[in-house]
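The file run.tsv contains TSV, C-alpha atoms:
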chain	number	residue	atom	x	y	z
N	1	MET	CA	-4.43	-11.91	61.37
N	2	ARG	CA	-8.20	-11.90	61.81
N	3	ARG	CA	-7.94	-8.82	64.00
N	4	LEU	CA	-5.90	-7.04	61.32
N	5	LEU	CA	-8.39	-7.91	58.65
N	6	SER	CA	-11.25	-6.74	60.87
N	7	ALA	CA	-9.49	-3.44	61.49
N	8	ALA	CA	-8.85	-2.94	57.77
N	9	LEU	CA	-12.46	-3.77	56.99
N	10	ALA	CA	-13.68	-1.26	59.58
N	11	LEU	CA	-11.43	1.41	58.11
N	12	LEU	CA	-12.69	0.77	54.61
N	13	MET	CA	-16.30	0.90	55.82
N	14	SER	CA	-15.64	4.24	57.51
N	15	ALA	CA	-14.12	5.57	54.31
N	16	GLN	CA	-17.13	4.33	52.37
N	17	MET	CA	-19.47	6.09	54.78
N	18	GLY	CA	-17.46	9.26	54.39
N	19	CYS	CA	-17.69	9.01	50.62
N	20	SER	CA	-21.44	8.47	50.89
N	21	ALA	CA	-21.71	11.62	52.97
N	22	ALA	CA	-19.54	13.41	50.47
N	23	SER	CA	-22.04	12.59	47.76
N	24	ARG	CA	-24.45	15.16	49.16
N	25	PRO	CA	-24.25	18.36	47.12
N	26	ASP	CA	-24.40	20.70	50.15
N	27	TRP	CA	-21.58	18.85	51.87
N	28	LEU	CA	-19.56	18.86	48.67
N	29	HIS	CA	-19.91	22.58	48.41
N	30	GLU	CA	-19.01	23.24	52.04
N	31	ALA	CA	-16.06	20.81	52.22
N	32	GLY	CA	-14.62	21.76	48.86
N	33	TRP	CA	-14.96	18.22	47.51
N	34	ASN	CA	-16.45	19.07	44.17
N	35	LYS	CA	-13.25	20.00	42.35
N	36	PRO	CA	-10.68	18.21	40.19
N	37	TRP	CA	-8.05	15.95	41.74
N	38	THR	CA	-4.48	17.18	41.32
N	39	HIS	CA	-0.97	16.03	42.17
N	40	ARG	CA	-1.22	17.78	45.53
N	41	ALA	CA	-3.63	15.20	46.87
N	42	GLY	CA	-1.39	12.46	45.43
N	43	ILE	CA	1.68	13.84	47.20
N	44	ALA	CA	-0.20	14.00	50.49
N	45	ALA	CA	-1.41	10.42	50.00
N	46	ALA	CA	2.12	9.20	49.22
N	47	VAL	CA	3.65	10.89	52.25
N	48	CYS	CA	0.98	9.54	54.55
N	49	ALA	CA	1.33	6.08	52.97
N	50	VAL	CA	5.00	6.00	53.98
N	51	VAL	CA	4.23	7.31	57.46
N	52	GLY	CA	1.31	4.93	57.78
N	53	ALA	CA	3.44	1.96	56.72
N	54	GLY	CA	6.01	2.78	59.38
N	55	ALA	CA	3.31	3.22	61.96
N	56	GLY	CA	1.72	-0.06	60.92
N	57	VAL	CA	5.00	-1.93	61.34
N	58	GLY	CA	5.44	-0.37	64.77
N	59	VAL	CA	1.94	-1.34	65.82
N	60	GLN	CA	2.47	-4.89	64.61
N	61	GLU	CA	5.71	-5.21	66.48
N	62	ALA	CA	4.02	-3.89	69.61
N	63	ARG	CA	1.19	-6.37	69.14
N	64	ARG	CA	3.57	-9.26	68.64
N	65	GLY	CA	3.72	-9.52	72.45
N	66	CYS	CA	6.93	-11.53	72.52
N	67	SER	CA	9.42	-11.47	75.40
N	68	THR	CA	12.65	-13.28	76.27
N	69	VAL	CA	12.34	-15.97	78.97
N	70	THR	CA	15.30	-17.75	80.65
N	71	VAL	CA	14.65	-21.36	81.56
N	72	GLY	CA	17.44	-23.47	83.09
N	73	GLY	CA	20.06	-21.09	81.86
N	74	SER	CA	18.63	-21.10	78.31
N	75	LYS	CA	16.88	-18.08	76.78
N	76	PHE	CA	13.61	-18.55	74.94
N	77	GLU	CA	11.34	-16.04	73.13
N	78	SER	CA	7.78	-16.29	74.39
N	79	CYS	CA	4.87	-14.74	72.44
N	80	ASP	CA	1.30	-14.24	73.63
N	81	SER	CA	-1.94	-15.26	71.99
N	82	LEU	CA	-1.21	-14.02	68.43
N	83	SER	CA	-0.88	-17.32	66.67
N	84	ASP	CA	0.90	-15.90	63.63
N	85	SER	CA	3.11	-13.36	65.45
N	86	ASN	CA	6.24	-15.41	64.82
N	87	ASP	CA	5.63	-15.32	61.04
N	88	ASP	CA	8.40	-13.43	59.26
N	89	THR	CA	5.77	-11.63	57.20
N	90	PHE	CA	3.83	-10.52	60.27
N	91	TRP	CA	5.06	-6.90	59.95
N	92	VAL	CA	4.17	-6.78	56.26
N	93	TRP	CA	0.48	-6.75	57.05
N	94	GLY	CA	0.95	-3.83	59.39
N	95	ALA	CA	2.87	-1.94	56.71
N	96	LEU	CA	0.22	-2.59	54.08
N	97	ILE	CA	-2.68	-1.62	56.30
N	98	GLY	CA	-0.87	1.47	57.59
N	99	ALA	CA	0.10	2.56	54.09
N	100	ALA	CA	-3.41	2.04	52.73
N	101	SER	CA	-4.98	3.85	55.68
N	102	GLY	CA	-2.58	6.77	55.48
N	103	ALA	CA	-2.92	7.09	51.73
N	104	LEU	CA	-6.72	7.02	51.93
N	105	VAL	CA	-7.05	9.52	54.75
N	106	CYS	CA	-4.40	11.95	53.57
N	107	GLY	CA	-5.51	11.65	49.96
N	108	ILE	CA	-9.02	12.75	50.93
N	109	LEU	CA	-7.78	15.52	53.23
N	110	GLY	CA	-5.24	16.66	50.67
N	111	HIS	CA	-7.93	16.85	48.02
N	112	VAL	CA	-10.23	18.86	50.28
N	113	PHE	CA	-7.64	21.27	51.65
N	114	LEU	CA	-4.79	21.33	49.09
N	115	ASP	CA	-6.30	20.88	45.65
N	116	PRO	CA	-7.23	24.26	44.19
N	117	PRO	CA	-10.90	24.87	43.45
N	118	ALA	CA	-12.10	24.45	39.93
N	119	GLU	CA	-11.87	27.59	37.90
N	120	ALA	CA	-15.24	29.08	37.22
N	121	GLU	CA	-16.24	28.56	33.67
N	122	ILE	CA	-16.27	32.04	32.24
N	123	PRO	CA	-18.34	32.21	29.09
N	124	PRO	CA	-16.42	33.55	26.15
N	125	PRO	CA	-16.97	37.21	25.55
N	126	PRO	CA	-19.53	37.99	22.93
N	127	PRO	CA	-18.09	38.76	19.54
N	128	PRO	CA	-17.52	42.43	18.98
N	129	PRO	CA	-20.33	44.10	17.13
N	130	LEU	CA	-19.78	44.38	13.47
N	131	ALA	CA	-18.30	47.72	12.72
N	132	GLN	CA	-20.81	49.67	10.79
N	133	ALA	CA	-19.35	51.37	7.85
N	134	ALA	CA	-19.43	55.11	8.14
N	135	PRO	CA	-22.05	56.58	5.90
N	136	ALA	CA	-20.60	57.82	2.69
N	137	PRO	CA	-20.39	61.58	2.50
N	138	PRO	CA	-23.19	63.01	0.46
N	139	ILE	CA	-22.26	63.54	-3.12
N	140	LYS	CA	-22.07	67.21	-3.79
N	141	GLN	CA	-24.31	67.83	-6.72
N	142	ARG	CA	-23.00	70.24	-9.29
N	143	ILE	CA	-25.82	72.58	-10.04
N	144	VAL	CA	-25.64	74.49	-13.31
N	145	LEU	CA	-27.97	77.46	-13.68
N	146	ARG	CA	-28.08	78.95	-17.15
N	147	GLY	CA	-28.18	82.67	-17.54
N	148	VAL	CA	-30.49	84.71	-19.74
N	149	GLN	CA	-30.01	87.63	-22.13
N	150	PHE	CA	-31.82	90.95	-22.51
N	151	ASP	CA	-32.71	93.33	-25.32
N	152	PHE	CA	-30.80	96.56	-25.68
N	153	ASN	CA	-31.54	99.02	-22.90
N	154	LYS	CA	-34.24	96.68	-21.51
N	155	SER	CA	-34.70	94.83	-18.20
N	156	ASP	CA	-37.81	92.87	-19.12
N	157	ILE	CA	-37.70	89.04	-19.16
N	158	ARG	CA	-37.81	87.89	-22.79
N	159	PRO	CA	-40.13	85.00	-23.76
N	160	ASP	CA	-37.18	82.82	-24.74
N	161	ALA	CA	-35.73	83.32	-21.22
N	162	ARG	CA	-38.78	82.00	-19.38
N	163	PRO	CA	-38.13	78.24	-19.96
N	164	VAL	CA	-34.55	78.72	-18.79
N	165	LEU	CA	-35.66	80.45	-15.59
N	166	ASP	CA	-38.45	77.91	-15.01
N	167	GLN	CA	-35.85	75.15	-15.12
N	168	ALA	CA	-33.63	77.10	-12.69
N	169	ALA	CA	-36.58	77.52	-10.28
N	170	ALA	CA	-37.30	73.78	-10.38
N	171	ILE	CA	-33.65	72.96	-9.63
N	172	LEU	CA	-33.55	75.39	-6.72
N	173	LYS	CA	-36.76	73.99	-5.21
N	174	GLN	CA	-35.27	70.48	-5.39
N	175	ASN	CA	-32.19	71.76	-3.54
N	176	PRO	CA	-33.55	74.00	-0.78
N	177	ALA	CA	-30.13	74.54	0.86
N	178	VAL	CA	-28.58	76.10	-2.23
N	179	GLN	CA	-27.93	79.85	-2.11
N	180	VAL	CA	-27.75	81.83	-5.36
N	181	VAL	CA	-26.14	85.09	-6.49
N	182	VAL	CA	-28.00	86.89	-9.25
N	183	GLN	CA	-25.49	88.97	-11.23
N	184	GLY	CA	-26.59	91.51	-13.88
N	185	TYR	CA	-24.43	92.88	-16.76
N	186	THR	CA	-24.69	95.26	-19.74
N	187	ASP	CA	-22.77	96.07	-22.91
N	188	ASP	CA	-20.49	99.12	-23.06
N	189	ILE	CA	-22.97	101.46	-24.71
N	190	GLY	CA	-23.96	104.23	-22.30
N	191	THR	CA	-22.31	105.72	-19.27
N	192	PRO	CA	-20.92	103.44	-16.54
N	193	GLN	CA	-23.37	104.90	-13.99
N	194	TYR	CA	-26.35	104.20	-16.23
N	195	ASN	CA	-25.10	100.70	-17.04
N	196	ASP	CA	-24.60	99.90	-13.33
N	197	ALA	CA	-28.22	100.80	-12.60
N	198	LEU	CA	-29.45	98.91	-15.68
N	199	SER	CA	-27.55	95.77	-14.74
N	200	LEU	CA	-29.05	95.88	-11.25
N	201	ARG	CA	-32.59	96.21	-12.67
N	202	ARG	CA	-31.98	93.17	-14.87
N	203	ALA	CA	-30.77	91.15	-11.88
N	204	GLU	CA	-33.81	92.23	-9.86
N	205	ALA	CA	-36.12	91.18	-12.68
N	206	VAL	CA	-34.69	87.65	-12.65
N	207	PHE	CA	-34.85	87.60	-8.85
N	208	ARG	CA	-38.56	88.52	-8.86
N	209	TYR	CA	-39.32	85.90	-11.51
N	210	LEU	CA	-37.72	83.09	-9.48
N	211	VAL	CA	-39.45	84.20	-6.29
N	212	ASN	CA	-42.77	84.17	-8.13
N	213	GLN	CA	-42.00	80.55	-9.09
N	214	GLY	CA	-41.87	79.59	-5.40
N	215	VAL	CA	-38.19	80.00	-4.48
N	216	SER	CA	-37.59	81.67	-1.11
N	217	PRO	CA	-36.23	85.22	-1.49
N	218	GLU	CA	-33.83	84.71	1.42
N	219	ARG	CA	-31.78	82.41	-0.79
N	220	PHE	CA	-30.73	85.16	-3.21
N	221	LYS	CA	-28.16	87.88	-3.35
N	222	VAL	CA	-28.70	90.43	-6.13
N	223	GLN	CA	-25.80	92.34	-7.68
N	224	GLY	CA	-25.28	94.63	-10.66
N	225	PHE	CA	-21.85	94.86	-12.34
N	226	GLY	CA	-22.63	97.19	-15.25
N	227	GLU	CA	-20.43	96.81	-18.30
N	228	SER	CA	-17.62	95.04	-16.40
N	229	ASN	CA	-16.65	91.42	-17.02
N	230	PRO	CA	-17.79	91.09	-20.66
N	231	VAL	CA	-17.98	87.59	-22.09
N	232	ALA	CA	-17.76	88.71	-25.73
N	233	ASP	CA	-16.40	91.56	-27.84
N	234	ASN	CA	-18.45	94.74	-27.48
N	235	ALA	CA	-17.26	95.87	-30.91
N	236	THR	CA	-19.90	93.65	-32.60
N	237	GLU	CA	-23.64	93.46	-32.24
N	238	SER	CA	-23.57	89.71	-31.44
N	239	GLY	CA	-20.88	90.30	-28.81
N	240	ARG	CA	-22.87	93.11	-27.20
N	241	ALA	CA	-25.98	90.88	-27.18
N	242	GLN	CA	-24.07	88.24	-25.24
N	243	ASN	CA	-22.88	90.82	-22.71
N	244	ARG	CA	-26.45	91.97	-21.97
N	245	ARG	CA	-27.10	89.15	-19.56
N	246	VAL	CA	-27.92	87.92	-16.06
N	247	GLU	CA	-25.92	85.02	-14.58
N	248	LEU	CA	-27.04	82.73	-11.77
N	249	ARG	CA	-24.16	81.49	-9.63
N	250	VAL	CA	-24.40	79.02	-6.78
N	251	ARG	CA	-22.94	80.44	-3.56
N	252	GLU	CA	-20.35	78.08	-1.99
Translate this file's structure into structure tokens.
Amino acid sequence: MRRLLSAALALLMSAQMGCSAASRPDWLHEAGWNKPWTHRAGIAAAVCAVVGAGAGVGVQEARRGCSTVTVGGSKFESCDSLSDSNDDTFWVWGALIGAASGALVCGILGHVFLDPPAEAEIPPPPPPPLAQAAPAPPIKQRIVLRGVQFDFNKSDIRPDARPVLDQAAAILKQNPAVQVVVQGYTDDIGTPQYNDALSLRRAEAVFRYLVNQGVSPERFKVQGFGESNPVADNATESGRAQNRRVELRVRE
């Protein structure tokens, strides 16, 4: 029994030394020790515990050292120096030591070679960037340019038309991308050919006034429409006065 206990103690000390060596980080990394224990190592330990128990019983029976001796016609069982080899529980110690040894060795080996490595901790992906709202489309400003009227058979800018055209020039300078059509008209007095030329002179007069106020000339298109497109009845003086006009229209 003392020999069995000594062997078990030596085995446990060897395992302890192995665990101490396993505590070194470089060894852990190389042997694959630093990972979680799983059922695979447990299965290996259980299988080796059964095998080790059987081997331990066999070793104990071999160590029993008993033989059958015939003396005077009678058979006797003779055992050697193991004082407790005739104990009925003698094989139990072999089974226990074998099972413990097998479970310890195979558990460690199963953990090193069978347990899967720990999954690398992958940091969670960064949250997606906040979707920036698309800039709102620019509000299309509705630009209203008032027209002006002219005296009969005249293309000169009247004093009452100057504030209206000054306001139009200011609006156009605040909106440099706006293109303008300057359209001249007349009443129905006179020939169509004369009225076409007169309407064009009126449109050119407004064009020159706005350019003199600082608006780029490239932004204008000048047209004369004569007595076409009346806005009032040419049968009355007030209607004809309204038809003698220049309109400013924003080009789309």
Residue among N:Val222, N:Ile189, N:Val182, N:Ile43 lying closest to Ala241 of chain N, counting all atoms listed in the file: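 Between N:Val222, N:Ile189, N:Val182, N:Ile43, the residue approaching Ala241 of chain N most closely is N:Ile189.
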d(atom CA of Val231 of chain N, atom CA of Phe207 of chain N) in Å: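 It comes out at 21.4 Å.
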Between N:Ala170, N:Arg245, N:Gly239, N:Gly147, which is the closest to Asn195 of chain N once you count only C-alpha atoms?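 Nearest to Asn195 of chain N: N:Arg245.
For the set N:Pro128, N:Asp187, N:Asp160, N:Asn153, the residue with the smallest atom-to-atom gap to Glu237 of chain N is N:Asp187, counting only C-alpha atoms.
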If I take atom CA of Ser228 of chain N and atom CA of Tyr185 of chain N, how far is one from the other in Å, to one decimal? 7.2 Å
Distance atom CA of Asp196 of chain N-atom CA of Ala235 of chain N, one decimal place? 19.5 Å
Between N:Gln179, N:Gln132, N:Asn229, N:Ser216, smallest distance to Arg244 of chain N by only C-alpha atoms belongs to N:Asn229
Of the residues N:Leu145, N:Ala177, N:Pro230, N:Leu198, which is the one nearest to Glu247 of chain N, using all atoms listed in the file?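 Ranking N:Leu145, N:Ala177, N:Pro230, N:Leu198 by distance to Glu247 of chain N, first place goes to N:Leu145.
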Sphere at (-27.6, 90.0, -8.6), radius 10 Å, counting all atoms listed in the file: residues as an mmCIF file with C-alpha atoms, in the coordinates of the input:
data_model
loop_
_atom_site.group_PDB
_atom_site.id
_atom_site.type_symbol
_atom_site.label_atom_id
_atom_site.label_comp_id
_atom_site.auth_asym_id
_atom_site.auth_seq_id
_atom_site.Cartn_x
_atom_site.Cartn_y
_atom_site.Cartn_z
ATOM 1 C CA VAL N 180 -27.750 81.830 -5.360
ATOM 2 C CA VAL N 181 -26.140 85.090 -6.490
ATOM 3 C CA VAL N 182 -28.000 86.890 -9.250
ATOM 4 C CA GLN N 183 -25.490 88.970 -11.230
ATOM 5 C CA GLY N 184 -26.590 91.510 -13.880
ATOM 6 C CA TYR N 185 -24.430 92.880 -16.760
ATOM 7 C CA SER N 199 -27.550 95.770 -14.740
ATOM 8 C CA LEU N 200 -29.050 95.880 -11.250
ATOM 9 C CA ARG N 201 -32.590 96.210 -12.670
ATOM 10 C CA ARG N 202 -31.980 93.170 -14.870
ATOM 11 C CA ALA N 203 -30.770 91.150 -11.880
ATOM 12 C CA GLU N 204 -33.810 92.230 -9.860
ATOM 13 C CA ALA N 205 -36.120 91.180 -12.680
ATOM 14 C CA VAL N 206 -34.690 87.650 -12.650
ATOM 15 C CA PHE N 207 -34.850 87.600 -8.850
ATOM 16 C CA PHE N 220 -30.730 85.160 -3.210
ATOM 17 C CA LYS N 221 -28.160 87.880 -3.350
ATOM 18 C CA VAL N 222 -28.700 90.430 -6.130
ATOM 19 C CA GLN N 223 -25.800 92.340 -7.680
ATOM 20 C CA GLY N 224 -25.280 94.630 -10.660
ATOM 21 C CA PHE N 225 -21.850 94.860 -12.340
ATOM 22 C CA VAL N 246 -27.920 87.920 -16.060
ATOM 23 C CA GLU N 247 -25.920 85.020 -14.580
ATOM 24 C CA LEU N 248 -27.040 82.730 -11.770
ATOM 25 C CA ARG N 249 -24.160 81.490 -9.630
#
Asp166 of chain N proximity check over N:Pro126, N:Gln193, N:Glu218, N:Val148, using only C-alpha atoms: winner is N:Val148
